[in-house]
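Novice: Data: start-v3.txt, compact mmCIF, C-alpha atoms.
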```txt
# COMPACT_ATOMS: atom_id res chain seq x y z
CA MET S 1 29.35 -4.19 27.39
CA ALA S 2 29.40 -3.96 23.62
CA SER S 3 26.75 -5.81 21.68
CA THR S 4 27.94 -8.81 19.64
CA ARG S 5 24.79 -8.95 17.54
CA GLN S 6 25.64 -9.08 13.85
CA PRO S 7 23.46 -7.50 11.16
CA VAL S 8 21.32 -9.95 9.22
CA ARG S 9 22.57 -10.43 5.68
CA PHE S 10 19.94 -10.62 2.97
CA ASP S 11 20.77 -11.51 -0.60
CA PRO S 12 17.84 -10.61 -2.88
CA PRO S 13 16.96 -13.20 -5.54
CA HIS S 14 18.60 -12.51 -8.89
CA ASP S 15 15.20 -12.55 -10.62
CA LEU S 16 14.01 -9.77 -8.32
CA ILE S 17 17.10 -7.64 -8.96
CA ALA S 18 16.70 -8.10 -12.70
CA SER S 19 13.02 -7.11 -12.56
CA ILE S 20 13.84 -3.93 -10.65
CA ARG S 21 16.66 -2.99 -13.02
CA ASN S 22 14.44 -3.59 -16.03
CA GLY S 23 11.64 -1.43 -14.66
CA ARG S 24 9.38 -4.45 -14.23
CA CYS S 25 8.91 -4.51 -10.45
CA VAL S 26 6.10 -2.92 -8.44
CA ALA S 27 6.38 -2.52 -4.67
CA PHE S 28 3.21 -3.25 -2.72
CA VAL S 29 3.42 -1.74 0.78
CA GLY S 30 1.24 -2.86 3.68
CA ALA S 31 0.74 -1.85 7.30
CA GLY S 32 3.79 -3.73 8.56
CA PHE S 33 6.04 -1.26 6.79
CA SER S 34 5.23 1.51 9.28
CA ALA S 35 3.95 -0.58 12.20
CA ALA S 36 6.45 0.76 14.75
CA VAL S 37 5.10 4.30 14.33
CA VAL S 38 1.59 4.03 12.88
CA PRO S 39 -1.13 2.30 14.95
CA SER S 40 -2.62 -0.93 13.69
CA TRP S 41 -6.03 -0.93 12.05
CA ALA S 42 -7.62 -2.39 15.20
CA ARG S 43 -5.89 0.12 17.47
CA LEU S 44 -6.90 3.06 15.29
CA LEU S 45 -10.52 1.92 15.21
CA GLY S 46 -10.41 1.47 19.00
CA CYS S 47 -9.24 5.06 19.44
CA LEU S 48 -11.93 6.30 17.06
CA ALA S 49 -14.58 4.29 18.90
CA ALA S 50 -13.51 5.85 22.20
CA ARG S 51 -13.70 9.32 20.68
CA LEU S 52 -17.18 8.60 19.31
CA GLU S 53 -18.28 6.86 22.53
CA VAL S 54 -19.00 3.59 20.75
CA PRO S 55 -18.35 0.26 22.57
CA PHE S 56 -15.43 -1.58 20.98
CA GLU S 57 -13.95 -5.01 21.57
CA PRO S 58 -10.88 -5.84 19.46
CA PRO S 59 -11.67 -8.85 17.26
CA GLU S 60 -9.36 -11.81 16.86
CA ALA S 61 -6.09 -11.03 15.14
CA GLY S 62 -6.43 -10.97 11.38
CA ASN S 63 -10.24 -10.78 11.35
CA ALA S 64 -10.41 -8.04 8.76
CA LEU S 65 -14.12 -8.60 8.05
CA LEU S 66 -15.07 -7.61 11.59
CA LEU S 67 -12.81 -4.57 11.42
CA GLU S 68 -14.54 -3.54 8.19
CA ALA S 69 -17.89 -3.77 9.97
CA VAL S 70 -16.60 -1.64 12.85
CA GLY S 71 -15.23 0.93 10.40
CA GLU S 72 -18.63 1.07 8.72
CA GLN S 73 -20.38 1.67 12.04
CA LEU S 74 -17.95 4.39 13.13
CA HIS S 75 -18.17 6.17 9.79
CA LYS S 76 -21.96 6.34 10.07
CA ARG S 77 -21.68 7.61 13.64
CA ALA S 78 -19.17 10.35 12.72
CA GLY S 79 -21.01 11.48 9.60
CA ASP S 80 -19.43 14.41 7.76
CA ARG S 81 -16.63 14.81 10.29
CA TRP S 82 -15.30 11.29 9.65
CA GLU S 83 -12.27 12.15 7.52
CA ALA S 84 -11.18 15.01 9.77
CA LEU S 85 -11.61 12.83 12.85
CA VAL S 86 -9.55 9.98 11.41
CA LYS S 87 -6.74 12.41 10.54
CA GLN S 88 -6.81 13.95 14.02
CA VAL S 89 -6.71 10.60 15.85
CA LEU S 90 -4.07 9.18 13.52
CA ASP S 91 -1.85 12.26 13.95
CA GLU S 92 -2.20 11.97 17.74
CA GLN S 93 -1.20 8.31 17.71
CA VAL S 94 1.76 8.86 15.37
CA ALA S 95 3.00 11.64 17.67
CA LEU S 96 3.38 9.06 20.46
CA ALA S 97 6.23 7.32 18.61
CA THR S 98 9.74 7.92 19.88
CA PRO S 99 12.29 9.92 17.84
CA ALA S 100 14.26 6.70 17.28
CA GLN S 101 11.19 4.94 15.88
CA ARG S 102 10.46 7.86 13.56
CA ALA S 103 14.08 7.95 12.39
CA ARG S 104 14.04 4.23 11.55
CA LEU S 105 10.81 4.61 9.61
CA GLU S 106 12.16 7.61 7.71
CA LEU S 107 15.28 5.65 6.76
CA ARG S 108 13.09 2.76 5.60
CA ARG S 109 10.97 5.16 3.56
CA LYS S 110 14.06 6.70 1.97
CA HIS S 111 15.42 3.30 0.97
CA LEU S 112 12.05 2.42 -0.54
CA VAL S 113 11.70 5.51 -2.73
CA ASP S 114 15.37 5.33 -3.79
CA ILE S 115 14.84 1.91 -5.38
CA PRO S 116 13.79 2.36 -9.05
CA PHE S 117 10.45 0.56 -8.81
CA LYS S 118 8.02 0.98 -11.68
CA ALA S 119 5.44 2.08 -9.11
CA ILE S 120 4.74 1.89 -5.40
CA LEU S 121 1.23 0.83 -4.41
CA THR S 122 0.08 0.97 -0.81
CA THR S 123 -3.04 0.19 1.15
CA ASN S 124 -1.76 2.47 3.94
CA PHE S 125 -3.42 5.83 4.42
CA ASP S 126 -0.91 7.21 6.96
CA PRO S 127 1.47 10.10 6.17
CA CYS S 128 4.56 7.89 5.90
CA LEU S 129 4.24 7.75 2.12
CA THR S 130 3.01 10.76 0.18
CA SER S 131 0.76 9.97 -2.75
CA THR S 132 1.98 11.42 -6.03
CA ARG S 133 -1.57 11.45 -7.43
CA GLU S 134 -4.67 13.03 -5.87
CA VAL S 135 -7.17 10.97 -7.86
CA LEU S 136 -7.18 7.31 -8.89
CA GLY S 137 -8.55 6.54 -12.32
CA PRO S 138 -7.74 5.58 -15.93
CA PRO S 139 -5.07 8.29 -16.54
CA VAL S 140 -3.10 7.14 -13.50
CA TYR S 141 -3.65 3.44 -14.21
CA SER S 142 -2.52 3.97 -17.82
CA GLU S 143 0.61 5.73 -16.63
CA VAL S 144 1.63 2.75 -14.50
CA LEU S 145 0.62 0.03 -16.96
CA ARG S 146 1.48 1.54 -20.34
CA GLU S 147 4.26 4.09 -19.92
CA GLU S 148 7.74 2.63 -19.62
CA ARG S 149 9.99 4.52 -17.24
CA VAL S 150 13.44 5.46 -18.47
CA ARG S 151 15.90 3.05 -16.93
CA TRP S 152 18.02 4.78 -14.34
CA TRP S 153 21.35 3.81 -15.91
CA ASP S 154 20.25 5.04 -19.35
CA ALA S 155 19.23 8.49 -18.14
CA PRO S 156 21.77 10.04 -15.77
CA PRO S 157 20.71 13.42 -14.38
CA SER S 158 21.57 16.19 -16.80
CA PRO S 159 20.33 19.73 -17.47
CA GLY S 160 16.96 19.69 -19.19
CA ARG S 161 16.53 15.93 -18.81
CA HIS S 162 14.85 14.55 -15.74
CA THR S 163 13.51 11.15 -14.88
CA ARG S 164 10.05 11.24 -13.35
CA PRO S 165 9.71 10.18 -9.71
CA THR S 166 8.22 6.78 -9.03
CA PRO S 167 4.39 6.95 -8.94
CA ILE S 168 3.08 6.32 -5.41
CA LEU S 169 -0.59 5.34 -5.32
CA LYS S 170 -2.62 5.09 -2.13
CA LEU S 171 -5.23 2.48 -2.99
CA HIS S 172 -7.26 2.86 0.22
CA GLY S 173 -7.23 6.63 0.41
CA ASP S 174 -5.26 9.21 2.32
CA ALA S 175 -5.90 10.39 5.89
CA ASN S 176 -5.55 14.02 4.86
CA GLY S 177 -8.86 15.18 6.32
CA LYS S 178 -10.27 15.88 2.85
CA PRO S 179 -13.16 13.64 1.78
CA ASP S 180 -12.86 14.78 -1.85
CA THR S 181 -9.16 13.89 -2.21
CA LEU S 182 -8.41 10.16 -2.02
CA PRO S 183 -11.31 9.36 0.33
CA LEU S 184 -10.64 6.74 2.98
CA VAL S 185 -11.57 3.09 2.55
CA LEU S 186 -12.18 1.84 6.10
CA GLY S 187 -15.69 0.39 6.11
CA ARG S 188 -17.26 -2.65 4.50
CA SER S 189 -19.35 -0.77 1.95
CA GLU S 190 -16.31 1.31 0.96
CA TYR S 191 -14.27 -1.83 0.31
CA ARG S 192 -17.04 -3.36 -1.75
CA ARG S 193 -17.57 -0.16 -3.70
CA ARG S 194 -13.84 0.09 -4.44
CA VAL S 195 -13.51 -3.48 -5.71
CA TYR S 196 -16.93 -4.21 -7.23
CA GLY S 197 -18.27 -0.74 -8.00
CA ASP S 198 -15.12 0.50 -9.74
CA ARG S 199 -14.18 -2.09 -12.34
CA ASN S 200 -11.27 0.06 -13.51
CA TYR S 201 -9.69 -0.27 -10.08
CA ALA S 202 -10.13 -4.04 -9.93
CA ASN S 203 -8.82 -4.50 -13.48
CA PHE S 204 -5.83 -2.29 -12.70
CA VAL S 205 -4.84 -4.36 -9.66
CA ARG S 206 -5.31 -7.61 -11.60
CA SER S 207 -3.17 -6.26 -14.44
CA VAL S 208 -0.36 -5.26 -12.08
CA PHE S 209 -0.39 -8.66 -10.38
CA ALA S 210 -0.41 -10.50 -13.73
CA GLU S 211 2.08 -8.39 -15.67
CA TYR S 212 4.79 -7.37 -13.21
CA THR S 213 6.93 -8.78 -10.45
CA VAL S 214 5.26 -7.59 -7.23
CA LEU S 215 7.38 -7.19 -4.10
CA PHE S 216 5.13 -7.28 -1.03
CA LEU S 217 6.51 -5.30 1.92
CA GLY S 218 4.80 -5.44 5.30
CA VAL S 219 1.70 -7.13 3.85
CA SER S 220 -0.16 -9.58 6.09
CA PHE S 221 -2.53 -10.87 3.35
CA THR S 222 -5.58 -10.43 5.58
CA ASP S 223 -7.36 -8.11 3.12
CA ALA S 224 -10.09 -10.35 1.69
CA TYR S 225 -10.70 -8.19 -1.37
CA LEU S 226 -7.05 -7.95 -2.43
CA ASN S 227 -6.61 -11.65 -1.71
CA GLU S 228 -9.51 -12.39 -4.05
CA LEU S 229 -7.91 -10.40 -6.88
CA ARG S 230 -4.53 -11.98 -6.21
CA SER S 231 -6.01 -15.48 -6.18
CA GLU S 232 -7.73 -14.87 -9.52
CA VAL S 233 -4.39 -13.97 -11.10
CA LEU S 234 -2.57 -16.89 -9.50
CA HIS S 235 -5.22 -19.26 -10.86
CA LEU S 236 -4.74 -17.73 -14.32
CA VAL S 237 -0.94 -17.88 -14.54
CA HIS S 238 0.20 -20.68 -12.23
CA PHE S 239 0.85 -24.19 -13.45
CA ASP S 240 3.25 -26.95 -12.44
CA GLN S 241 5.87 -26.26 -15.12
CA ALA S 242 5.63 -22.46 -14.95
CA PRO S 243 9.02 -20.94 -15.96
CA ARG S 244 8.68 -18.19 -13.34
CA ARG S 245 7.87 -18.22 -9.66
CA TRP S 246 4.50 -16.83 -8.65
CA GLY S 247 3.47 -16.12 -5.10
```
Starting from the file, give its structure as structure tokens.

Specialist:
Amino acid sequence: MASTRQPVRFDPPHDLIASIRNGRCVAFVGAGFSAAVVPSWARLLGCLAARLEVPFEPPEAGNALLLEAVGEQLHKRAGDRWEALVKQVLDEQVALATPAQRARLELRRKHLVDIPFKAILTTNFDPCLTSTREVLGPPVYSEVLREERVRWWDAPPSPGRHTRPTPILKLHGDANGKPDTLPLVLGRSEYRRRVYGDRNYANFVRSVFAEYTVLFLGVSFTDAYLNELRSEVLHLVHFDQAPRRWG
């Protein structure tokens, strides 16, 4: 019997479309984007705990602070083999996804990178999105904040003239097994060091939130540190008669 289910129609807000067309929209990608294929934070930590023979009880849903503490404990237990171990376990878990699930995620990824965002920022460290930069720092932050991308309709592909691909920045590291290239941020001290020890990073995220339209995709807003930065910006720019919507 044929399915009668109709596709859900979604009409993006005109303000969002205008921001994207004008090169003023940044996509912020969270774990929900690849959830069908990539294990959740809690599930990944549970698998790592089993590999390291550390007792693990999944905390209540959304309790990111406890997960940070578990990540800290597991990192100390693994020592120098931490990054390689995370990559191995993550690859094993991703391999359990069905071909259909992988195909859907790949289509979602393709749609994402085809949209002319000013930049794509992600807290995900899985291989779904490939970082275009191996190091985060002032040169990369300046590129996103200060360099205007050529609008796609003003620069059609032609010999000798190419538009640069959208910068993709992995804010919490990359599970590539290399501790010197985009090191992972999975434990409490790593989160604190990223936000409070690297003022350039915190100022960059604040600037993005304040200056551009940010489209959150698959973000649960359970990250206490990003929520703090976001709340600071909302307090700065939001008022009752604000001409633009902030959220």

Novice: Quick one: residues within 9 Å of Ser189 (chain S), all atoms listed in the file, excluding same-chain residues fewer than 4 positions away - as a list in words?

Specialist: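 My list of contacting residues is Glu68, Ala69, Glu72, Val185, Arg193 and Arg194 of chain S.
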
Novice: Box in all listed atoms of region 20-34 of chain S, axis-aligned, with 5 Å more on each side; write out centre and edge lengths in Å to one decimal as AutoDock Vina command-line options.

Specialist:
```
--center_x 8.7 --center_y -1.5 --center_z -3.4 --size_x 25.9 --size_y 16.0 --size_z 35.3
```

Novice: Which is closest to Gly32 (chain S) among S:Val219, S:Val54, S:Leu48, S:Val89, if we use only C-alpha atoms?

Specialist: S:Val219

Novice: Work out how far CA of Arg133 (chain S) is from CA of Leu169 (chain S), in Å to one decimal.

Specialist: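 Rounded to one decimal, the two atoms are 6.5 Å apart.
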
Novice: Find the residues around Glu134 (chain S) up to 10 Å (only C-alpha atoms counted), leave out those fewer than 6 positions away in its own chain, and share them as a ChimeraX atom specification.

Specialist: /S:140,169-170,173-174,180-183

Novice: Give me the residues near Leu66 (chain S) as a list in words, where near means some atom within 12 Å (using all atoms listed in the file) and where sequence neighbours in that chain fewer than 4 positions away do not count.

Specialist: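 Returned residues: Trp41, Ala42, Leu45, Phe56, Glu57, Pro58, Pro59, Glu60, Ala61, Gly62, Val70, Gly71, Glu72, Gln73, Leu186, Gly187, Arg188, Thr222, Asp223 and Ala224 of chain S.
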